[in-house]
Amino acid sequence: MTFTPSRETLADSRHLSPVAPAARHSVTIDTRVDLDLGTGIETGIVGDPRLAPPTWQPMGSGRPLRRRMLYLLPLNVLAFCWYFGWLLAPGRVGNAFLYTLLLLAEAFNAVQALGFWWTCSRERVRRRRPQVSGQIIAVDVLVPVYNEPVDVVEPTVAAAVRLRGAQVRVFLLDDGDNPQMAALASRHGAGYITRAEHNGAKAGNLNHALGRTSAPIVVVFDCDHVPHPDFLEATLGHLDDPGVGFVQTPQYYANASTNEVAGTSWAQQALFFGGIARGKDGLGSMFCCGTNIAFRRTALAEVGGFSEDSLTEDFELSIRMHSRGWRSVYVPEVLASGLGPADMASYTSQQLRWSRGCISAIPAVLAAGLPRRLKAQYLLSAGYFLSGWTVLIYMIMPLVRILFGVQPITAASADQFLLHFAPYFVVALGTVALAGNGSYTFGAFTLQSASFWIGVLSTVRAVLRRPGRFVVTPKQGAGSWQPSVVAVPVAAAMVLIAASIYGLTQDRGPGMANSIAFAGVHAALMLRGAAPALGWRGRTARTAVASEATPIAA
């Protein structure tokens, strides 16, 4: 089913009749008043971190990112030339097939690194913009839910009905047909929408609700993302520009400081919603991220609503909107607080859906009528999930050398590999860390490395056109002992360690030492990334800018 707009739906916001604000009913569960957010939000979760002021803001501190990236350019160019000048020198080829694989991996990473620098160097910093007209317009706030716990959903609905700056109607879209959700909506004065046929997962749920609502502005929050009272005040002004189709704001994991997996996952997210998202905004290529977003209804109607045949309906929606000429805006300010994946199973489920959806969208990007700049940006974003193949190639190289004596570069050059590769790798990783303003942690890097198999599996499934299944990311973890979830990286580490021990018994020359060192590094990365699923409770990842964050104004 697609979204078919009615005549009222397509009306301009300034001609819509006023909509009565949602009634505010009292509740009988514990209420915690957060003075920084300026509202009383009902929650059944003791010490719910979503109700506390955010400890991170996308802007961070220090020099503008654009300037820092320009300062780093000479160092990156020097490191690139040092490594590739050596790698591509005549007479460097060992085994032709392995050398070609290595070049493909390095070329892919070089393109991603160049794309990262290009994106961050085009940083644009927008501020909240008040509405020029000063008129209060109607806004429909949609909160899709599917069997999530009531104590996760209730704070979101309670906060949504208290949004300032518009005539707000909140709708709880229940695809689980749960009577408890109906009661929740009733006690907060929110609308409650169900449907007879549950097709199209979240996208179908949203499209069904779009056909039942009519406000010119549509705001979507995932059911675990608690909006701040000033969300609309910070975003609606940007929609005064008739060419803007949607305004995206950051996703923020409020449980990052209390949960190891959420914290490590958040470090990855913080990098994206920091420098990368600001750079994408500067290039006009910021895409919809599924929650904490305000849409112009006419833009949604023009493209037929959310794509119901994609696992990443938000990504493909953005492609269609940008192809039709609609522009996007990114406001770099935390305006809603959510929950990150609480265990490795939840994280893996999330990443499988994202990677499969984005990789499957690559043909749509290539076929879309997008300007070359936007097409390149979408390909960089979707192609990120192919990076698992490069990790796999890097792990295969030392294994083949240790076990069979075959290597991609000549034996005379093998002992020089780390000497040339290490500076290039350290500079590239340092650039990423600096772009993240300290938010990107070593734990985030190891988790990404240990998740290499997700991108590989998603690619195979996409090529074979295996049907995907939309799985809602669990909002509450099942525990810290989940060895089956990390079986692939643990097995890879064991193979690398066993091969290294075998290699030491066969040869202790510089070429073998180089291969063993490379294998050891990757084994360590695999085990560190898998550790949260093996009962290891390390120091929770925290952003380096936490102490400098500015609380959201009430």
# chains A, B, ... in the order shown; residues from 1 in each chain; ligands from 1
call {"tool": "residues_around", "arguments": {"residues": "Glu233 in chain A", "least_positions_apart": "5", "cutoff": "10 Å", "atoms": "only C-alpha atoms", "output": "PyMOL selection string"}}
result
chain A and resi 128-131+163-166+238
call {"tool": "write_last_selection", "arguments": {"atoms": "C-alpha atoms", "output": "compact mmCIF listing (two decimals), in the first residue's frame"}}
result
# COMPACT_ATOMS: atom_id res chain seq x y z
CA ARG A 128 17.27 26.53 14.92
CA ARG A 129 15.04 28.80 12.88
CA PRO A 130 11.82 30.36 14.19
CA GLN A 131 8.83 30.45 11.88
CA LEU A 163 5.52 19.62 22.26
CA ARG A 164 5.50 23.41 21.92
CA GLY A 165 5.25 25.61 18.85
CA ALA A 166 2.34 24.03 16.94
CA HIS A 238 13.24 25.49 8.18
call {"tool": "closest_atom_pairs", "arguments": {"of": "range 227-338 of chain A", "to": "range 372-378 of chain A", "cutoff": "12 Å", "atoms": "only C-alpha atoms", "output": "JSON lines"}}
result
{"residue": "A:Ile276", "atom": "CA", "partner": "A:Gln377", "partner_atom": "CA", "distance": 10.8}
{"residue": "A:Ala277", "atom": "CA", "partner": "A:Gln377", "partner_atom": "CA", "distance": 11.2}
{"residue": "A:Gly279", "atom": "CA", "partner": "A:Gln377", "partner_atom": "CA", "distance": 10.3}
{"residue": "A:Lys280", "atom": "CA", "partner": "A:Gln377", "partner_atom": "CA", "distance": 7.7}
{"residue": "A:Asp281", "atom": "CA", "partner": "A:Leu374", "partner_atom": "CA", "distance": 10.9}
{"residue": "A:Gly282", "atom": "CA", "partner": "A:Leu374", "partner_atom": "CA", "distance": 11.3}
{"residue": "A:Leu283", "atom": "CA", "partner": "A:Arg373", "partner_atom": "CA", "distance": 7.6}
{"residue": "A:Gly284", "atom": "CA", "partner": "A:Leu374", "partner_atom": "CA", "distance": 7.4}
{"residue": "A:Ser285", "atom": "CA", "partner": "A:Leu374", "partner_atom": "CA", "distance": 5.6}
{"residue": "A:Met286", "atom": "CA", "partner": "A:Gln377", "partner_atom": "CA", "distance": 8.9}
{"residue": "A:Phe287", "atom": "CA", "partner": "A:Tyr378", "partner_atom": "CA", "distance": 8.6}
{"residue": "A:Cys288", "atom": "CA", "partner": "A:Tyr378", "partner_atom": "CA", "distance": 11.7}
{"residue": "A:Phe315", "atom": "CA", "partner": "A:Tyr378", "partner_atom": "CA", "distance": 9.0}
{"residue": "A:Glu316", "atom": "CA", "partner": "A:Tyr378", "partner_atom": "CA", "distance": 10.0}
{"residue": "A:Ser318", "atom": "CA", "partner": "A:Tyr378", "partner_atom": "CA", "distance": 9.6}
{"residue": "A:Ile319", "atom": "CA", "partner": "A:Tyr378", "partner_atom": "CA", "distance": 8.0}
{"residue": "A:Arg320", "atom": "CA", "partner": "A:Lys375", "partner_atom": "CA", "distance": 11.7}
{"residue": "A:Met321", "atom": "CA", "partner": "A:Leu374", "partner_atom": "CA", "distance": 11.7}
{"residue": "A:His322", "atom": "CA", "partner": "A:Leu374", "partner_atom": "CA", "distance": 8.2}
{"residue": "A:Ser323", "atom": "CA", "partner": "A:Leu374", "partner_atom": "CA", "distance": 9.2}
{"residue": "A:Gly325", "atom": "CA", "partner": "A:Leu374", "partner_atom": "CA", "distance": 11.2}
{"residue": "A:Arg327", "atom": "CA", "partner": "A:Leu374", "partner_atom": "CA", "distance": 11.0}
{"residue": "A:Ser328", "atom": "CA", "partner": "A:Leu374", "partner_atom": "CA", "distance": 11.5}
call {"tool": "closest_residue", "arguments": {"among": "A:Gly290, A:Gly509, A:Pro58, A:Pro144", "to": "Ser307 in chain A", "atoms": "only C-alpha atoms"}}
result
A:Gly290
call {"tool": "closest_residue", "arguments": {"among": "A:Ala444, A:Val400, A:Ala110, A:Met395", "to": "Ala523 in chain A", "atoms": "only C-alpha atoms"}}
result
A:Met395
call {"tool": "residues_around", "arguments": {"residues": "Ser458 in chain A", "least_positions_apart": "3", "cutoff": "10 Å", "atoms": "only C-alpha atoms", "output": "count of residues only"}}
result
22
call {"tool": "select_by_dssp", "arguments": {"residues": "range 243-434 of chain A", "states": "helix (DSSP H, G or I)", "output": "PyMOL selection string"}}
result
chain A and resi 254-257+260-282+297-302+313-323+344-360+362-367+372-404+411-414+417-434
call {"tool": "closest_atom_pairs", "arguments": {"of": "range 142-186 of chain A", "to": "range 226-229 of chain A", "cutoff": "9 Å", "atoms": "only C-alpha atoms", "output": "JSON lines"}}
result
{"residue": "A:Val153", "atom": "CA", "partner": "A:Val226", "partner_atom": "CA", "distance": 8.6}
{"residue": "A:Pro155", "atom": "CA", "partner": "A:Val226", "partner_atom": "CA", "distance": 6.2}
{"residue": "A:Thr156", "atom": "CA", "partner": "A:Val226", "partner_atom": "CA", "distance": 4.3}
{"residue": "A:Val157", "atom": "CA", "partner": "A:Val226", "partner_atom": "CA", "distance": 7.7}
{"residue": "A:Ala158", "atom": "CA", "partner": "A:Val226", "partner_atom": "CA", "distance": 8.5}
{"residue": "A:Ala159", "atom": "CA", "partner": "A:Pro227", "partner_atom": "CA", "distance": 6.0}
{"residue": "A:Ala160", "atom": "CA", "partner": "A:Pro227", "partner_atom": "CA", "distance": 6.2}
{"residue": "A:Arg162", "atom": "CA", "partner": "A:Pro229", "partner_atom": "CA", "distance": 6.3}
{"residue": "A:Leu163", "atom": "CA", "partner": "A:Pro229", "partner_atom": "CA", "distance": 4.6}
{"residue": "A:Arg164", "atom": "CA", "partner": "A:Pro229", "partner_atom": "CA", "distance": 5.8}
{"residue": "A:Gly165", "atom": "CA", "partner": "A:Pro229", "partner_atom": "CA", "distance": 8.9}
call {"tool": "closest_residue", "arguments": {"among": "A:Ala493, A:Leu87, A:Ala336, A:Val244", "to": "Leu51 in chain A", "atoms": "only C-alpha atoms"}}
result
A:Ala336
call {"tool": "residues_around", "arguments": {"residues": "Met344 in chain A", "least_positions_apart": "6", "cutoff": "12 Å", "atoms": "only C-alpha atoms", "output": "short mmCIF file (atom, residue, chain, number, x, y, z; two decimals) with all heavy atoms, in the first residue's frame"}}
result
data_model
loop_
_atom_site.label_atom_id
_atom_site.label_comp_id
_atom_site.auth_asym_id
_atom_site.auth_seq_id
_atom_site.Cartn_x
_atom_site.Cartn_y
_atom_site.Cartn_z
N ASN A 259 25.30 1.25 29.33
CA ASN A 259 25.27 -0.04 28.66
C ASN A 259 26.44 -0.12 27.68
O ASN A 259 26.61 0.77 26.85
CB ASN A 259 23.94 -0.23 27.94
CG ASN A 259 23.84 -1.56 27.23
OD1 ASN A 259 24.38 -1.76 26.15
ND2 ASN A 259 23.15 -2.50 27.86
N GLU A 260 27.24 -1.17 27.78
CA GLU A 260 28.45 -1.28 26.98
C GLU A 260 28.16 -1.31 25.48
O GLU A 260 28.80 -0.61 24.70
CB GLU A 260 29.23 -2.53 27.39
CG GLU A 260 30.53 -2.73 26.65
CD GLU A 260 31.58 -1.68 26.99
OE1 GLU A 260 31.49 -1.09 28.08
OE2 GLU A 260 32.48 -1.46 26.17
N VAL A 261 27.20 -2.14 25.06
CA VAL A 261 26.90 -2.25 23.64
C VAL A 261 26.29 -0.94 23.13
O VAL A 261 26.66 -0.45 22.06
CB VAL A 261 25.95 -3.43 23.37
CG1 VAL A 261 25.57 -3.48 21.89
CG2 VAL A 261 26.61 -4.74 23.77
N ALA A 262 25.36 -0.37 23.89
CA ALA A 262 24.76 0.90 23.48
C ALA A 262 25.81 1.99 23.38
O ALA A 262 25.79 2.82 22.47
CB ALA A 262 23.67 1.30 24.47
N GLY A 263 26.76 2.00 24.34
CA GLY A 263 27.81 3.02 24.32
C GLY A 263 28.72 2.88 23.12
O GLY A 263 29.08 3.88 22.48
N THR A 264 29.10 1.65 22.81
CA THR A 264 29.98 1.42 21.66
C THR A 264 29.25 1.71 20.35
O THR A 264 29.81 2.32 19.43
CB THR A 264 30.51 -0.02 21.67
OG1 THR A 264 31.07 -0.32 22.95
CG2 THR A 264 31.56 -0.22 20.62
N SER A 265 28.00 1.27 20.28
CA SER A 265 27.20 1.57 19.10
C SER A 265 26.98 3.07 18.96
O SER A 265 27.01 3.62 17.84
CB SER A 265 25.85 0.85 19.21
OG SER A 265 24.99 1.20 18.15
N GLN A 350 20.00 -4.96 14.17
CA GLN A 350 19.94 -3.61 13.61
C GLN A 350 20.87 -3.47 12.40
O GLN A 350 20.48 -2.97 11.35
CB GLN A 350 20.31 -2.60 14.69
CG GLN A 350 20.32 -1.15 14.24
CD GLN A 350 21.01 -0.26 15.26
OE1 GLN A 350 22.22 -0.27 15.40
NE2 GLN A 350 20.22 0.52 15.99
N GLN A 351 22.11 -3.91 12.56
CA GLN A 351 23.10 -3.77 11.49
C GLN A 351 22.77 -4.63 10.28
O GLN A 351 23.02 -4.23 9.14
CB GLN A 351 24.49 -4.11 12.02
CG GLN A 351 25.01 -3.16 13.08
CD GLN A 351 25.16 -1.74 12.56
OE1 GLN A 351 25.80 -1.51 11.54
NE2 GLN A 351 24.59 -0.78 13.28
N LEU A 352 22.22 -5.82 10.50
CA LEU A 352 21.81 -6.66 9.38
C LEU A 352 20.74 -5.96 8.55
O LEU A 352 20.77 -6.00 7.31
CB LEU A 352 21.29 -7.99 9.89
CG LEU A 352 22.34 -9.06 10.23
CD1 LEU A 352 21.71 -10.22 10.98
CD2 LEU A 352 23.02 -9.56 8.95
N LEU A 447 34.25 -2.98 17.24
CA LEU A 447 32.91 -3.52 16.99
C LEU A 447 32.60 -3.53 15.50
O LEU A 447 32.03 -4.49 14.97
CB LEU A 447 31.86 -2.70 17.74
CG LEU A 447 30.40 -3.17 17.60
CD1 LEU A 447 30.24 -4.59 18.12
CD2 LEU A 447 29.47 -2.22 18.34
N ALA A 450 34.68 -6.41 13.99
CA ALA A 450 34.13 -7.73 14.32
C ALA A 450 32.80 -7.99 13.64
O ALA A 450 32.36 -9.14 13.58
CB ALA A 450 33.98 -7.86 15.84
N SER A 451 32.18 -6.95 13.12
CA SER A 451 30.89 -7.09 12.41
C SER A 451 31.08 -7.21 10.91
O SER A 451 30.13 -7.05 10.14
CB SER A 451 30.00 -5.88 12.73
OG SER A 451 29.77 -5.75 14.12
N THR A 473 14.35 -3.46 16.15
CA THR A 473 15.45 -3.58 17.09
C THR A 473 14.91 -3.64 18.51
O THR A 473 14.21 -2.73 18.95
CB THR A 473 16.41 -2.37 16.96
OG1 THR A 473 16.88 -2.30 15.62
CG2 THR A 473 17.60 -2.54 17.90
N PRO A 474 15.22 -4.72 19.28
CA PRO A 474 14.73 -4.80 20.66
C PRO A 474 15.21 -3.61 21.48
O PRO A 474 16.34 -3.16 21.34
CB PRO A 474 15.33 -6.11 21.16
CG PRO A 474 15.60 -6.91 19.93
CD PRO A 474 15.97 -5.91 18.88
N GLN A 476 15.10 -3.57 24.88
CA GLN A 476 15.61 -4.04 26.15
C GLN A 476 16.43 -5.30 25.91
O GLN A 476 15.97 -6.23 25.26
CB GLN A 476 14.47 -4.32 27.14
CG GLN A 476 13.69 -3.07 27.51
CD GLN A 476 12.50 -3.36 28.41
OE1 GLN A 476 11.93 -4.44 28.36
NE2 GLN A 476 12.12 -2.39 29.22
N GLY A 477 17.68 -5.32 26.40
CA GLY A 477 18.59 -6.41 26.13
C GLY A 477 18.22 -7.70 26.82
O GLY A 477 17.52 -7.72 27.83
N ALA A 478 18.72 -8.81 26.26
CA ALA A 478 18.44 -10.12 26.81
C ALA A 478 19.58 -10.63 27.70
O ALA A 478 19.45 -11.67 28.32
CB ALA A 478 18.20 -11.12 25.69
N GLY A 479 20.70 -9.91 27.74
CA GLY A 479 21.81 -10.34 28.58
C GLY A 479 23.14 -10.14 27.89
O GLY A 479 23.21 -9.77 26.72
N SER A 480 24.23 -10.40 28.64
CA SER A 480 25.58 -10.18 28.11
C SER A 480 26.26 -11.46 27.67
O SER A 480 27.40 -11.42 27.22
CB SER A 480 26.44 -9.50 29.19
OG SER A 480 26.52 -10.31 30.35
N TRP A 481 25.60 -12.62 27.79
CA TRP A 481 26.19 -13.88 27.34
C TRP A 481 25.43 -14.36 26.12
O TRP A 481 24.39 -14.98 26.20
CB TRP A 481 26.13 -14.92 28.47
CG TRP A 481 26.72 -16.24 28.08
CD1 TRP A 481 26.04 -17.40 27.87
CD2 TRP A 481 28.09 -16.53 27.80
NE1 TRP A 481 26.91 -18.41 27.49
CE2 TRP A 481 28.18 -17.90 27.44
CE3 TRP A 481 29.26 -15.77 27.82
CZ2 TRP A 481 29.38 -18.52 27.12
CZ3 TRP A 481 30.47 -16.38 27.50
CH2 TRP A 481 30.52 -17.73 27.16
N GLN A 482 25.97 -14.03 24.94
CA GLN A 482 25.33 -14.38 23.66
C GLN A 482 26.41 -14.86 22.67
O GLN A 482 26.64 -14.25 21.63
CB GLN A 482 24.59 -13.17 23.09
CG GLN A 482 23.46 -12.66 23.99
CD GLN A 482 22.87 -11.35 23.50
OE1 GLN A 482 23.58 -10.49 22.98
NE2 GLN A 482 21.57 -11.20 23.65
N PRO A 483 27.10 -15.94 22.98
CA PRO A 483 28.23 -16.37 22.14
C PRO A 483 27.84 -16.70 20.71
O PRO A 483 28.65 -16.51 19.78
CB PRO A 483 28.75 -17.61 22.87
CG PRO A 483 27.62 -18.08 23.73
CD PRO A 483 26.88 -16.84 24.12
N SER A 484 26.62 -17.18 20.49
CA SER A 484 26.23 -17.53 19.12
C SER A 484 26.19 -16.32 18.20
O SER A 484 26.41 -16.43 17.00
CB SER A 484 24.86 -18.23 19.13
OG SER A 484 23.85 -17.36 19.64
N VAL A 485 25.93 -15.15 18.77
CA VAL A 485 25.84 -13.92 17.96
C VAL A 485 27.21 -13.54 17.40
O VAL A 485 27.31 -12.96 16.32
CB VAL A 485 25.26 -12.77 18.80
CG1 VAL A 485 25.19 -11.48 17.98
CG2 VAL A 485 23.87 -13.14 19.32
N VAL A 486 28.27 -13.86 18.14
CA VAL A 486 29.63 -13.47 17.73
C VAL A 486 30.45 -14.69 17.32
O VAL A 486 31.68 -14.66 17.37
CB VAL A 486 30.33 -12.69 18.85
CG1 VAL A 486 29.65 -11.35 19.07
CG2 VAL A 486 30.35 -13.50 20.15
N ALA A 487 29.77 -15.75 16.90
CA ALA A 487 30.48 -16.97 16.53
C ALA A 487 31.45 -16.73 15.38
O ALA A 487 32.56 -17.29 15.37
CB ALA A 487 29.47 -18.06 16.15
N GLY A 529 36.03 -6.77 19.75
CA GLY A 529 34.71 -6.40 19.25
C GLY A 529 33.63 -7.36 19.71
O GLY A 529 32.48 -6.96 19.91
N ALA A 530 34.00 -8.65 19.90
CA ALA A 530 33.01 -9.65 20.31
C ALA A 530 32.85 -9.71 21.82
O ALA A 530 31.90 -10.35 22.31
CB ALA A 530 33.44 -11.02 19.79
N ALA A 531 33.73 -9.06 22.57
CA ALA A 531 33.77 -9.21 24.02
C ALA A 531 32.45 -8.94 24.73
O ALA A 531 32.09 -9.66 25.67
CB ALA A 531 34.88 -8.33 24.60
N PRO A 532 31.66 -7.90 24.35
CA PRO A 532 30.41 -7.65 25.07
C PRO A 532 29.42 -8.81 25.03
O PRO A 532 28.56 -8.91 25.91
CB PRO A 532 29.85 -6.41 24.36
CG PRO A 532 31.03 -5.72 23.79
CD PRO A 532 31.95 -6.84 23.37
N ALA A 533 29.52 -9.68 24.04
CA ALA A 533 28.62 -10.83 23.96
C ALA A 533 29.17 -12.04 24.70
O ALA A 533 28.51 -13.09 24.76
CB ALA A 533 28.37 -11.21 22.50
N LEU A 534 30.37 -11.90 25.27
CA LEU A 534 31.00 -13.01 25.98
C LEU A 534 31.09 -12.74 27.47
O LEU A 534 31.91 -13.31 28.18
CB LEU A 534 32.40 -13.26 25.40
CG LEU A 534 32.44 -13.59 23.90
CD1 LEU A 534 33.87 -13.69 23.42
CD2 LEU A 534 31.67 -14.87 23.61
N GLY A 535 30.24 -11.83 27.94
CA GLY A 535 30.17 -11.55 29.37
C GLY A 535 31.15 -10.52 29.85
O GLY A 535 31.20 -10.21 31.06
N TRP A 536 31.94 -9.94 28.94
CA TRP A 536 32.95 -8.95 29.35
C TRP A 536 32.27 -7.61 29.59
O TRP A 536 31.50 -7.12 28.78
CB TRP A 536 34.00 -8.80 28.27
CG TRP A 536 35.10 -7.84 28.62
CD1 TRP A 536 36.15 -8.05 29.45
CD2 TRP A 536 35.26 -6.50 28.12
NE1 TRP A 536 36.96 -6.94 29.51
CE2 TRP A 536 36.43 -5.98 28.70
CE3 TRP A 536 34.52 -5.70 27.25
CZ2 TRP A 536 36.88 -4.68 28.43
CZ3 TRP A 536 34.96 -4.42 26.98
CH2 TRP A 536 36.14 -3.92 27.57
#
call {"tool": "atom_distance", "arguments": {"atom1": "CA of Val219 in chain A", "atom2": "CA of Ala345 in chain A"}}
result
29.2 Å
call {"tool": "atom_distance", "arguments": {"atom1": "CA of Ser439 in chain A", "atom2": "CA of Phe116 in chain A"}}
result
16.1 Å
call {"tool": "closest_residue", "arguments": {"among": "A:Leu403, A:Leu429, A:Ile362, A:Ala96", "to": "Ala499 in chain A", "atoms": "only C-alpha atoms"}}
result
A:Leu403
call {"tool": "residues_around", "arguments": {"residues": "Ala105 in chain A", "least_positions_apart": "5", "cutoff": "9 Å", "atoms": "only C-alpha atoms", "output": "PDB file with N, CA and C atoms, in the first residue's frame"}}
result
ATOM      1  N   THR A 100      45.790  -8.481  -6.675  1.00  0.00           N
ATOM      2  CA  THR A 100      44.609  -7.794  -7.198  1.00  0.00           C
ATOM      3  C   THR A 100      43.566  -7.608  -6.099  1.00  0.00           C
ATOM      4  N   ALA A 110      40.376   3.638   0.088  1.00  0.00           N
ATOM      5  CA  ALA A 110      40.849   4.963  -0.298  1.00  0.00           C
ATOM      6  C   ALA A 110      39.695   5.842  -0.781  1.00  0.00           C
ATOM      7  N   SER A 387      32.322  -2.497   3.441  1.00  0.00           N
ATOM      8  CA  SER A 387      33.672  -2.489   4.009  1.00  0.00           C
ATOM      9  C   SER A 387      34.020  -3.801   4.708  1.00  0.00           C
ATOM     10  N   TRP A 389      33.975  -6.625   3.425  1.00  0.00           N
ATOM     11  CA  TRP A 389      34.775  -7.406   2.480  1.00  0.00           C
ATOM     12  C   TRP A 389      36.260  -7.073   2.607  1.00  0.00           C
ATOM     13  N   THR A 390      36.581  -5.813   2.860  1.00  0.00           N
ATOM     14  CA  THR A 390      37.998  -5.452   2.985  1.00  0.00           C
ATOM     15  C   THR A 390      38.607  -6.073   4.242  1.00  0.00           C
ATOM     16  N   VAL A 391      37.840  -6.130   5.329  1.00  0.00           N
ATOM     17  CA  VAL A 391      38.342  -6.783   6.539  1.00  0.00           C
ATOM     18  C   VAL A 391      38.588  -8.262   6.272  1.00  0.00           C
ATOM     19  N   ILE A 393      39.323  -9.659   3.410  1.00  0.00           N
ATOM     20  CA  ILE A 393      40.525  -9.764   2.576  1.00  0.00           C
ATOM     21  C   ILE A 393      41.777  -9.583   3.426  1.00  0.00           C
ATOM     22  N   TYR A 394      41.765  -8.604   4.316  1.00  0.00           N
ATOM     23  CA  TYR A 394      42.931  -8.370   5.164  1.00  0.00           C
ATOM     24  C   TYR A 394      43.239  -9.581   6.045  1.00  0.00           C
TER      25      TYR A 394
END
call {"tool": "closest_residue", "arguments": {"among": "A:Leu65, A:Leu335, A:Leu210, A:Ala79", "to": "Val426 in chain A", "atoms": "only C-alpha atoms"}}
result
A:Ala79
call {"tool": "closest_residue", "arguments": {"among": "A:Asn292, A:Thr119, A:Ser257, A:Thr249", "to": "Phe221 in chain A", "atoms": "only C-alpha atoms"}}
result
A:Asn292
call {"tool": "atom_distance", "arguments": {"atom1": "CA of Val490 in chain A", "atom2": "CA of Met397 in chain A"}}
result
18.0 Å
call {"tool": "select_by_dssp", "arguments": {"residues": "range 81-300 of chain A", "states": "strand (DSSP E)", "output": "compact mmCIF listing (two decimals) with N, CA and C atoms, in the first residue's frame"}}
result
# COMPACT_ATOMS: atom_id res chain seq x y z
N ALA A 138 -0.65 23.25 12.10
CA ALA A 138 -1.01 21.91 12.58
C ALA A 138 0.11 20.93 12.26
N VAL A 139 0.40 20.07 13.22
CA VAL A 139 1.43 19.04 13.07
C VAL A 139 0.88 17.70 13.56
N ASP A 140 1.01 16.68 12.74
CA ASP A 140 0.68 15.33 13.16
C ASP A 140 1.96 14.62 13.58
N VAL A 141 2.00 14.13 14.81
CA VAL A 141 3.15 13.40 15.32
C VAL A 141 2.81 11.91 15.32
N LEU A 142 3.57 11.13 14.56
CA LEU A 142 3.31 9.70 14.42
C LEU A 142 4.36 8.90 15.18
N VAL A 143 3.89 7.98 16.02
CA VAL A 143 4.76 7.12 16.82
C VAL A 143 4.42 5.67 16.51
N PRO A 144 5.12 5.02 15.57
CA PRO A 144 4.83 3.62 15.26
C PRO A 144 5.33 2.70 16.37
N VAL A 145 4.57 1.65 16.65
CA VAL A 145 4.94 0.72 17.72
C VAL A 145 4.56 -0.69 17.29
N GLN A 167 0.07 23.30 16.76
CA GLN A 167 -1.14 22.61 17.21
C GLN A 167 -0.91 21.12 16.94
N VAL A 168 -0.58 20.41 17.98
CA VAL A 168 -0.05 19.06 17.85
C VAL A 168 -1.14 18.01 18.05
N ARG A 169 -1.19 17.06 17.15
CA ARG A 169 -2.00 15.85 17.33
C ARG A 169 -1.05 14.66 17.31
N VAL A 170 -1.06 13.88 18.35
CA VAL A 170 -0.17 12.73 18.46
C VAL A 170 -0.97 11.46 18.17
N PHE A 171 -0.39 10.56 17.38
CA PHE A 171 -1.04 9.30 17.04
C PHE A 171 -0.09 8.15 17.33
N LEU A 172 -0.57 7.22 18.13
CA LEU A 172 0.17 5.99 18.39
C LEU A 172 -0.28 4.95 17.36
N LEU A 173 0.65 4.48 16.55
CA LEU A 173 0.33 3.58 15.45
C LEU A 173 0.70 2.16 15.90
N ASP A 174 -0.26 1.42 16.35
CA ASP A 174 -0.01 0.14 16.99
C ASP A 174 -0.20 -1.03 16.02
N GLY A 191 -4.19 10.04 19.71
CA GLY A 191 -4.97 9.18 18.84
C GLY A 191 -4.37 7.78 18.80
N TYR A 192 -5.19 6.81 18.49
CA TYR A 192 -4.75 5.41 18.45
C TYR A 192 -5.20 4.81 17.13
N ILE A 193 -4.23 4.36 16.31
CA ILE A 193 -4.53 3.86 14.98
C ILE A 193 -4.00 2.44 14.84
N ILE A 217 2.29 19.20 8.23
CA ILE A 217 3.60 18.77 8.71
C ILE A 217 3.43 17.45 9.45
N VAL A 218 4.30 16.50 9.14
CA VAL A 218 4.26 15.18 9.77
C VAL A 218 5.59 14.93 10.46
N VAL A 219 5.54 14.63 11.74
CA VAL A 219 6.75 14.35 12.52
C VAL A 219 6.72 12.89 12.93
N VAL A 220 7.85 12.21 12.79
CA VAL A 220 7.94 10.79 13.13
C VAL A 220 8.97 10.59 14.23
N VAL A 226 12.32 9.89 23.02
CA VAL A 226 11.53 10.86 23.76
C VAL A 226 11.86 12.27 23.26
N PRO A 227 10.89 12.95 22.63
CA PRO A 227 11.19 14.29 22.10
C PRO A 227 11.32 15.33 23.20
N VAL A 244 11.98 22.77 0.91
CA VAL A 244 12.50 21.80 1.88
C VAL A 244 11.47 20.71 2.11
N GLY A 245 11.88 19.45 1.91
CA GLY A 245 10.97 18.33 2.07
C GLY A 245 10.97 17.74 3.47
N PHE A 246 12.15 17.78 4.13
CA PHE A 246 12.21 17.24 5.48
C PHE A 246 13.37 17.84 6.25
N VAL A 247 13.21 17.83 7.57
CA VAL A 247 14.24 18.34 8.48
C VAL A 247 14.62 17.20 9.42
N GLN A 248 15.86 16.76 9.34
CA GLN A 248 16.35 15.66 10.16
C GLN A 248 17.12 16.22 11.36
N ILE A 293 12.33 13.37 12.96
CA ILE A 293 12.33 14.03 11.66
C ILE A 293 10.97 14.67 11.40
N ALA A 294 11.00 15.84 10.75
CA ALA A 294 9.77 16.55 10.38
C ALA A 294 9.67 16.58 8.85
N PHE A 295 8.54 16.11 8.32
CA PHE A 295 8.30 16.06 6.87
C PHE A 295 7.27 17.09 6.46
N ARG A 296 7.41 17.58 5.23
CA ARG A 296 6.33 18.30 4.58
C ARG A 296 5.42 17.25 3.94
